[in-house]
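Novice: Can you keep this structure in mind? I'll have questions shortly.
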There are 2 protein chains.
Amino acid sequence: MSFNLILQNIAKHINLTKHEQEVFIGYLQAKTIKRKQFLLTDGDISKHSIFVTAGCLRGYTVDKSGIEHVLSFAPPDWWIADMYSLISQKPGILNIEALEDTEVLLLSKVNQEKLYLEIPKFEHFFRILIENSLVSSQQRLIDGLSLTAEERYNNFCKRYPTLIDHLPQKQIASYIGVTPEFFSRMRGEMIKRR
Amino acid sequence: MSFNLILQNIAKHINLTKHEQEVFIGYLQAKTIKRKQFLLTDGDISKHSIFVTAGCLRGYTVDKSGIEHVLSFAPPDWWIADMYSLISQKPGILNIEALEDTEVLLLSKVNQEKLYLEIPKFEHFFRILIENSLVSSQQRLIDGLSLTAEERYNNFCKRYPTLIDHLPQKQIASYIGVTPEFFSRMRGEMIKRR
DNA sequence: TTCATTTCTTAATGTACATCAAGTGCCCAT
DNA sequence: ATGGGCACTTGATGTACATTAAGAAATGAA
């Protein structure tokens, strides 16, 4: 059943009774998105946390010269959201797009807050989830300041091993913070060297 | 009394009874650190969340060529921690140093977890605290990818208005991710231009 | 298949920063 | 006062990346 993945994801940090599982699942909304369609575009007020069960999403911003910067990829078993907009309920800056046909489960902000009240374990779960996001966000900040593009690429390969083959190079380039042209050249040199 | 600041800080998100306040305060440990002394150095396993009541701390990492990168400043009313090490209980990479004589309140990981169990509102409080950290960390990531050093400096000025005057330039340079030399030049040009 | 679109590569040139090196001013300890 | 450190400045040079432009290769739609 399509809820197994999300229940296992949650079971990594908290244990739910059968009844709690049912309540939780009742709060979810399944949705499928075609490749290149958007779950969220900048300017929207974000209403949902998103959990990917199949396919892959990317979250990115567009800067004032029109360049896209990928903040995160979300393959199956990952959560993604525009935290800024979701928390503040102001228009956000994130675009969330399907890189391929994708299936997601949506947890609305309203339902998420109900969960916190009805089943406090969920507050525990999401605290841990966000703590882990914070740690990787900070690590990426440090990496951006102290590593070369090549070292950041190597980190990326370790972090998203499943994605490397099956993601356009320009998306990876954007994630590690270089242009597709530079990334292509860099890759060429890395291959030549070994 | 020296606990007012932290109680007000917490009151921004949750309401505590008198008794809960007392329990909480009982879990805190006050400490003073002299300028240039450290609360944490890289390689340590972090045991505490830190709340600053007076003075100022900086959290920074040192990369493999010996260059320091400031991750955050902590003036009064701010929390700071090595989240990675605190969560994983593995040796961390953060150094936390006093930029001037500083007073802090320490909340040990053990006590923090007791709080979560005894007064679940604290799980709510820290979830929100960490959500906000995550939002600023992600914003800083985006800024690093899409803004010039000068724009990042302007953002810094808005974000830490109290700190600008009273912080050595090289610390600000490190925070926005440039060398002190470049920062000096840049500032010179900004002043000349207006 | 075929055409159109997107992705990837290659090359020339440009630029925002870093690095290295000296020198200046300032604090503060003796 | 004085000398040693530290923060800051200034200049010359270096480099990791970006930008622009073009063509080749892969992908997808009809």
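Each chain in the structure tokens gets a letter, A, B, ..., in the order shown, and its residues are numbered from 1; ligands are numbered from 1 in order too.
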Can I get the residues of chain D within 12 Å of chain B, each with the closest pair of atoms and their distance in Å to one decimal, using only C-alpha atoms (C1' of nucleotides), sorted chain first then ascending number, as a tab-separated table?
Specialist:
residue	atom	partner	partner_atom	distance
D:DC6	C1'	B:Pro168	CA	10.9
D:DA7	C1'	B:Pro168	CA	7.6
D:DC8	C1'	B:Ser184	CA	7.4
D:DT9	C1'	B:Ser184	CA	7.0
D:DT10	C1'	B:Arg185	CA	8.5
D:DG11	C1'	B:Arg185	CA	11.1
Novice: If DSSP is run on the backbone, what residues of range 13-79 of chain A are alpha helix (DSSP H)? A reply as a tab-separated table (two decimals) with N, CA and C atoms, in the first residue's frame would be ideal.
Specialist:
chain	number	residue	atom	x	y	z
A	18	LYS	N	-1.58	1.41	15.96
A	18	LYS	CA	-2.39	1.25	14.74
A	18	LYS	C	-3.35	2.42	14.58
A	19	HIS	N	-3.98	2.78	15.70
A	19	HIS	CA	-4.97	3.86	15.63
A	19	HIS	C	-4.32	5.18	15.24
A	20	GLU	N	-3.16	5.47	15.82
A	20	GLU	CA	-2.46	6.71	15.49
A	20	GLU	C	-2.07	6.74	14.01
A	21	GLN	N	-1.64	5.57	13.53
A	21	GLN	CA	-1.31	5.49	12.11
A	21	GLN	C	-2.51	5.87	11.26
A	22	GLU	N	-3.67	5.37	11.65
A	22	GLU	CA	-4.87	5.66	10.86
A	22	GLU	C	-5.23	7.14	10.90
A	23	VAL	N	-5.13	7.71	12.09
A	23	VAL	CA	-5.41	9.15	12.21
A	23	VAL	C	-4.47	9.91	11.28
A	24	PHE	N	-3.21	9.55	11.37
A	24	PHE	CA	-2.20	10.24	10.56
A	24	PHE	C	-2.52	10.14	9.08
A	25	ILE	N	-2.76	8.92	8.64
A	25	ILE	CA	-3.03	8.70	7.22
A	25	ILE	C	-4.27	9.46	6.78
A	26	GLY	N	-5.24	9.57	7.69
A	26	GLY	CA	-6.43	10.34	7.38
A	26	GLY	C	-6.15	11.80	7.10
Novice: Show me, as a list in words, the residues of chain C whose atoms get within 8 Å of chain A, using only C-alpha atoms (C1' of nucleotides) for the distance check.
Specialist: DT7, DC8 and DT9 of chain C
Novice: Would you output that residue set with N, CA and C atoms (P, O5', C5', C4', C3', O3' and C1' of nucleotides), as a JSON list (two decimals), in the first residue's frame?
Specialist:
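Okay, part.json is ready:
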[["chain", "number", "residue", "atom", "x", "y", "z"],
["C", 7, "DT", "P", 16.83, 20.72, -20.39],
["C", 7, "DT", "O5'", 18.18, 19.99, -20.85],
["C", 7, "DT", "C5'", 18.20, 18.58, -21.01],
["C", 7, "DT", "C4'", 19.56, 18.18, -21.50],
["C", 7, "DT", "C3'", 20.71, 18.63, -20.58],
["C", 7, "DT", "O3'", 21.44, 17.47, -20.22],
["C", 7, "DT", "C1'", 21.19, 19.16, -22.83],
["C", 8, "DC", "P", 22.67, 17.52, -19.18],
["C", 8, "DC", "O5'", 23.93, 17.63, -20.14],
["C", 8, "DC", "C5'", 24.17, 16.58, -21.07],
["C", 8, "DC", "C4'", 25.30, 17.01, -21.98],
["C", 8, "DC", "C3'", 26.56, 17.49, -21.27],
["C", 8, "DC", "O3'", 27.59, 16.55, -21.54],
["C", 8, "DC", "C1'", 25.98, 18.89, -23.11],
["C", 9, "DT", "P", 29.10, 16.84, -21.03],
["C", 9, "DT", "O5'", 29.67, 17.70, -22.23],
["C", 9, "DT", "C5'", 30.02, 17.04, -23.44],
["C", 9, "DT", "C4'", 30.63, 18.06, -24.38],
["C", 9, "DT", "C3'", 31.99, 18.63, -23.95],
["C", 9, "DT", "O3'", 32.92, 18.22, -24.93],
["C", 9, "DT", "C1'", 30.53, 20.34, -24.73]]
Novice: Could you check the closest approach to Ala30 in chain A for each of A:Thr179, A:Thr148, A:Thr17, A:Thr102 and tell me which residue wins, using only C-alpha atoms?
Specialist: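 Comparing A:Thr179, A:Thr148, A:Thr17, A:Thr102 against Ala30 in chain A, the winner is A:Thr102.
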Novice: Show me, as JSON lines, the residues of chain A having an atom within 10 Å of chain B, each with the closest atom pair and its distance in Å, using only C-alpha atoms.
Specialist:
{"residue": "A:Tyr60", "atom": "CA", "partner": "B:Ile142", "partner_atom": "CA", "distance": 9.4}
{"residue": "A:Thr61", "atom": "CA", "partner": "B:Ile142", "partner_atom": "CA", "distance": 7.8}
{"residue": "A:Val62", "atom": "CA", "partner": "B:Ser146", "partner_atom": "CA", "distance": 8.6}
{"residue": "A:Asp63", "atom": "CA", "partner": "B:Ser146", "partner_atom": "CA", "distance": 6.0}
{"residue": "A:Lys64", "atom": "CA", "partner": "B:Ser146", "partner_atom": "CA", "distance": 8.1}
{"residue": "A:Ser65", "atom": "CA", "partner": "B:Ser146", "partner_atom": "CA", "distance": 8.7}
{"residue": "A:Gly66", "atom": "CA", "partner": "B:Ser146", "partner_atom": "CA", "distance": 9.9}
{"residue": "A:Ile67", "atom": "CA", "partner": "B:Ser146", "partner_atom": "CA", "distance": 8.1}
{"residue": "A:Glu68", "atom": "CA", "partner": "B:Ser146", "partner_atom": "CA", "distance": 9.0}
{"residue": "A:His69", "atom": "CA", "partner": "B:Leu145", "partner_atom": "CA", "distance": 7.2}
{"residue": "A:Val70", "atom": "CA", "partner": "B:Ile142", "partner_atom": "CA", "distance": 8.9}
{"residue": "A:Leu71", "atom": "CA", "partner": "B:Ile142", "partner_atom": "CA", "distance": 7.7}
{"residue": "A:Asp82", "atom": "CA", "partner": "B:Val135", "partner_atom": "CA", "distance": 8.9}
{"residue": "A:Met83", "atom": "CA", "partner": "B:Val135", "partner_atom": "CA", "distance": 6.3}
{"residue": "A:Tyr84", "atom": "CA", "partner": "B:Val135", "partner_atom": "CA", "distance": 5.6}
{"residue": "A:Ser85", "atom": "CA", "partner": "B:Val135", "partner_atom": "CA", "distance": 9.4}
{"residue": "A:Ile87", "atom": "CA", "partner": "B:Glu131", "partner_atom": "CA", "distance": 8.0}
{"residue": "A:Ser88", "atom": "CA", "partner": "B:Asn132", "partner_atom": "CA", "distance": 9.8}
{"residue": "A:Ile93", "atom": "CA", "partner": "B:Gln139", "partner_atom": "CA", "distance": 9.9}
{"residue": "A:Tyr116", "atom": "CA", "partner": "B:His124", "partner_atom": "CA", "distance": 8.6}
{"residue": "A:Pro120", "atom": "CA", "partner": "B:Pro120", "partner_atom": "CA", "distance": 7.8}
{"residue": "A:Lys121", "atom": "CA", "partner": "B:Pro120", "partner_atom": "CA", "distance": 9.6}
{"residue": "A:Glu123", "atom": "CA", "partner": "B:His124", "partner_atom": "CA", "distance": 6.6}
{"residue": "A:His124", "atom": "CA", "partner": "B:Glu123", "partner_atom": "CA", "distance": 6.6}
{"residue": "A:Phe125", "atom": "CA", "partner": "B:Arg127", "partner_atom": "CA", "distance": 9.8}
{"residue": "A:Phe126", "atom": "CA", "partner": "B:Arg127", "partner_atom": "CA", "distance": 7.6}
{"residue": "A:Arg127", "atom": "CA", "partner": "B:Arg127", "partner_atom": "CA", "distance": 4.9}
{"residue": "A:Ile128", "atom": "CA", "partner": "B:Arg127", "partner_atom": "CA", "distance": 8.3}
{"residue": "A:Leu129", "atom": "CA", "partner": "B:Arg127", "partner_atom": "CA", "distance": 9.7}
{"residue": "A:Ile130", "atom": "CA", "partner": "B:Glu131", "partner_atom": "CA", "distance": 6.5}
{"residue": "A:Glu131", "atom": "CA", "partner": "B:Ile130", "partner_atom": "CA", "distance": 6.5}
{"residue": "A:Asn132", "atom": "CA", "partner": "B:Tyr84", "partner_atom": "CA", "distance": 8.1}
{"residue": "A:Ser133", "atom": "CA", "partner": "B:Leu134", "partner_atom": "CA", "distance": 7.2}
{"residue": "A:Leu134", "atom": "CA", "partner": "B:Leu134", "partner_atom": "CA", "distance": 5.1}
{"residue": "A:Val135", "atom": "CA", "partner": "B:Tyr84", "partner_atom": "CA", "distance": 5.6}
{"residue": "A:Ser136", "atom": "CA", "partner": "B:Tyr84", "partner_atom": "CA", "distance": 8.6}
{"residue": "A:Ser137", "atom": "CA", "partner": "B:Ser137", "partner_atom": "CA", "distance": 6.3}
{"residue": "A:Gln138", "atom": "CA", "partner": "B:Ser137", "partner_atom": "CA", "distance": 6.4}
{"residue": "A:Gln139", "atom": "CA", "partner": "B:Tyr84", "partner_atom": "CA", "distance": 8.9}
{"residue": "A:Arg140", "atom": "CA", "partner": "B:Leu141", "partner_atom": "CA", "distance": 7.7}
{"residue": "A:Leu141", "atom": "CA", "partner": "B:Leu141", "partner_atom": "CA", "distance": 5.8}
{"residue": "A:Ile142", "atom": "CA", "partner": "B:His69", "partner_atom": "CA", "distance": 7.3}
{"residue": "A:Asp143", "atom": "CA", "partner": "B:Asp63", "partner_atom": "CA", "distance": 9.2}
{"residue": "A:Gly144", "atom": "CA", "partner": "B:Gly144", "partner_atom": "CA", "distance": 8.0}
{"residue": "A:Leu145", "atom": "CA", "partner": "B:Gly177", "partner_atom": "CA", "distance": 6.4}
{"residue": "A:Ser146", "atom": "CA", "partner": "B:Asp63", "partner_atom": "CA", "distance": 6.0}
{"residue": "A:Leu147", "atom": "CA", "partner": "B:Asp63", "partner_atom": "CA", "distance": 8.3}
{"residue": "A:Ser174", "atom": "CA", "partner": "B:Leu145", "partner_atom": "CA", "distance": 9.4}
{"residue": "A:Tyr175", "atom": "CA", "partner": "B:Leu145", "partner_atom": "CA", "distance": 9.7}
{"residue": "A:Ile176", "atom": "CA", "partner": "B:Leu145", "partner_atom": "CA", "distance": 9.4}
{"residue": "A:Gly177", "atom": "CA", "partner": "B:Leu145", "partner_atom": "CA", "distance": 6.4}
{"residue": "A:Val178", "atom": "CA", "partner": "B:Leu145", "partner_atom": "CA", "distance": 8.9}
Novice: Run DSSP on the backbone of this structure and report the residues of range 4-184 of chain A it assigns to strand (DSSP E or B), as a ChimeraX atom specification.
Specialist: /A:28-33,38-40,48-54,57-62,68-74,79-80,95-98,102-108
Novice: Once you have the residues from the selection above, write them out as a short mmCIF file (atom, residue, chain, number, x, y, z; two decimals), in the first residue's frame, restricted to N, CA and C atoms.
Specialist:
data_model
loop_
_atom_site.label_atom_id
_atom_site.label_comp_id
_atom_site.auth_asym_id
_atom_site.auth_seq_id
_atom_site.Cartn_x
_atom_site.Cartn_y
_atom_site.Cartn_z
N LEU A 28 -3.54 12.84 5.45
CA LEU A 28 -2.72 12.98 4.24
C LEU A 28 -3.59 13.07 3.00
N GLN A 29 -3.02 13.69 2.00
CA GLN A 29 -3.70 13.78 0.72
C GLN A 29 -2.73 13.34 -0.36
N ALA A 30 -3.10 12.33 -1.13
CA ALA A 30 -2.22 11.83 -2.19
C ALA A 30 -2.39 12.67 -3.44
N LYS A 31 -1.31 12.76 -4.21
CA LYS A 31 -1.38 13.58 -5.41
C LYS A 31 -0.31 13.08 -6.38
N THR A 32 -0.59 13.15 -7.66
CA THR A 32 0.45 12.82 -8.64
C THR A 32 0.69 14.06 -9.48
N ILE A 33 1.96 14.27 -9.83
CA ILE A 33 2.32 15.43 -10.64
C ILE A 33 3.12 14.93 -11.82
N PHE A 38 4.42 21.94 -11.48
CA PHE A 38 4.84 22.54 -10.21
C PHE A 38 3.88 22.24 -9.08
N LEU A 39 4.45 22.00 -7.91
CA LEU A 39 3.64 21.87 -6.72
C LEU A 39 3.54 23.20 -6.00
N LEU A 40 4.48 24.10 -6.33
CA LEU A 40 4.54 25.38 -5.64
C LEU A 40 5.38 26.30 -6.52
N HIS A 48 1.50 23.25 2.59
CA HIS A 48 1.72 21.82 2.82
C HIS A 48 3.18 21.46 3.05
N SER A 49 3.39 20.44 3.87
CA SER A 49 4.64 19.70 3.84
C SER A 49 4.45 18.57 2.85
N ILE A 50 5.51 18.26 2.12
CA ILE A 50 5.40 17.30 1.03
C ILE A 50 6.31 16.11 1.29
N PHE A 51 5.76 14.93 1.11
CA PHE A 51 6.55 13.70 1.24
C PHE A 51 6.48 12.97 -0.10
N VAL A 52 7.64 12.60 -0.64
CA VAL A 52 7.69 11.97 -1.96
C VAL A 52 7.66 10.45 -1.83
N THR A 53 6.74 9.81 -2.55
CA THR A 53 6.69 8.34 -2.53
C THR A 53 7.23 7.72 -3.81
N ALA A 54 7.23 8.49 -4.91
CA ALA A 54 7.79 8.00 -6.16
C ALA A 54 8.16 9.19 -7.04
N LEU A 57 11.38 15.39 -6.94
CA LEU A 57 11.11 16.83 -7.00
C LEU A 57 12.41 17.61 -6.84
N ARG A 58 12.37 18.86 -7.28
CA ARG A 58 13.45 19.78 -6.94
C ARG A 58 12.86 21.07 -6.42
N GLY A 59 13.53 21.64 -5.43
CA GLY A 59 13.13 22.94 -4.89
C GLY A 59 14.20 23.95 -5.26
N TYR A 60 13.81 25.03 -5.89
CA TYR A 60 14.82 26.01 -6.32
C TYR A 60 14.28 27.42 -6.25
N THR A 61 15.20 28.38 -6.19
CA THR A 61 14.83 29.79 -6.24
C THR A 61 15.41 30.38 -7.52
N VAL A 62 14.88 31.52 -7.91
CA VAL A 62 15.37 32.23 -9.09
C VAL A 62 15.87 33.59 -8.62
N GLU A 68 18.69 30.07 -11.76
CA GLU A 68 18.06 29.16 -10.80
C GLU A 68 19.10 28.58 -9.84
N HIS A 69 18.70 28.46 -8.57
CA HIS A 69 19.58 27.84 -7.58
C HIS A 69 18.82 26.73 -6.87
N VAL A 70 19.27 25.50 -7.06
CA VAL A 70 18.59 24.36 -6.45
C VAL A 70 18.92 24.29 -4.97
N LEU A 71 17.90 24.33 -4.16
CA LEU A 71 18.08 24.22 -2.71
C LEU A 71 18.07 22.78 -2.26
N SER A 72 17.20 21.98 -2.87
CA SER A 72 17.17 20.57 -2.49
C SER A 72 16.47 19.73 -3.54
N PHE A 73 16.88 18.47 -3.59
CA PHE A 73 16.17 17.47 -4.37
C PHE A 73 15.37 16.62 -3.39
N ALA A 74 14.28 16.07 -3.87
CA ALA A 74 13.49 15.19 -3.02
C ALA A 74 13.13 13.92 -3.76
N TRP A 79 11.26 14.41 2.59
CA TRP A 79 10.32 15.51 2.80
C TRP A 79 10.87 16.76 2.12
N ILE A 80 9.96 17.62 1.69
CA ILE A 80 10.38 18.90 1.14
C ILE A 80 9.29 19.93 1.44
N ASN A 95 10.36 27.44 -5.68
CA ASN A 95 9.60 26.72 -6.69
C ASN A 95 9.85 25.24 -6.45
N ILE A 96 8.79 24.46 -6.45
CA ILE A 96 8.93 23.02 -6.32
C ILE A 96 8.35 22.37 -7.56
N GLU A 97 9.23 21.70 -8.30
CA GLU A 97 8.89 21.19 -9.63
C GLU A 97 9.19 19.70 -9.69
N ALA A 98 8.37 18.98 -10.47
CA ALA A 98 8.62 17.55 -10.65
C ALA A 98 9.66 17.35 -11.75
N THR A 102 5.69 12.15 -10.67
CA THR A 102 6.00 12.00 -9.24
C THR A 102 4.72 11.83 -8.43
N GLU A 103 4.82 10.99 -7.40
CA GLU A 103 3.70 10.82 -6.46
C GLU A 103 4.09 11.34 -5.10
N VAL A 104 3.21 12.12 -4.53
CA VAL A 104 3.50 12.72 -3.22
C VAL A 104 2.34 12.53 -2.27
N LEU A 105 2.64 12.68 -0.99
CA LEU A 105 1.61 12.79 0.03
C LEU A 105 1.73 14.18 0.64
N LEU A 106 0.62 14.87 0.72
CA LEU A 106 0.62 16.23 1.25
C LEU A 106 0.07 16.22 2.68
N LEU A 107 0.77 16.92 3.55
CA LEU A 107 0.27 17.12 4.91
C LEU A 107 0.06 18.62 5.08
N SER A 108 -1.19 19.02 5.19
CA SER A 108 -1.45 20.46 5.27
C SER A 108 -0.95 21.02 6.60
#
Novice: Which distance in Å separates CA of Asn15 in chain B and CA of Asn15 in chain A, to one decimal?
Specialist: 28.0 Å
Novice: Can you work out which one of D:DA30, D:DA12, D:DT20, D:DA25 has the shortest atom-to-atom distance to DA21 in chain C, counting only C-alpha atoms (C1' of nucleotides)?
Specialist: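 Residue with the minimum atom-to-atom distance to DA21 in chain C: D:DA12.
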Novice: Could you jot down the CA of Ala81 in chain B to CA of Ile45 in chain B separation for me, Å, one decimal place?
Specialist: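 Spanning CA of Ala81 in chain B to CA of Ile45 in chain B is a straight-line distance of 11.2 Å.
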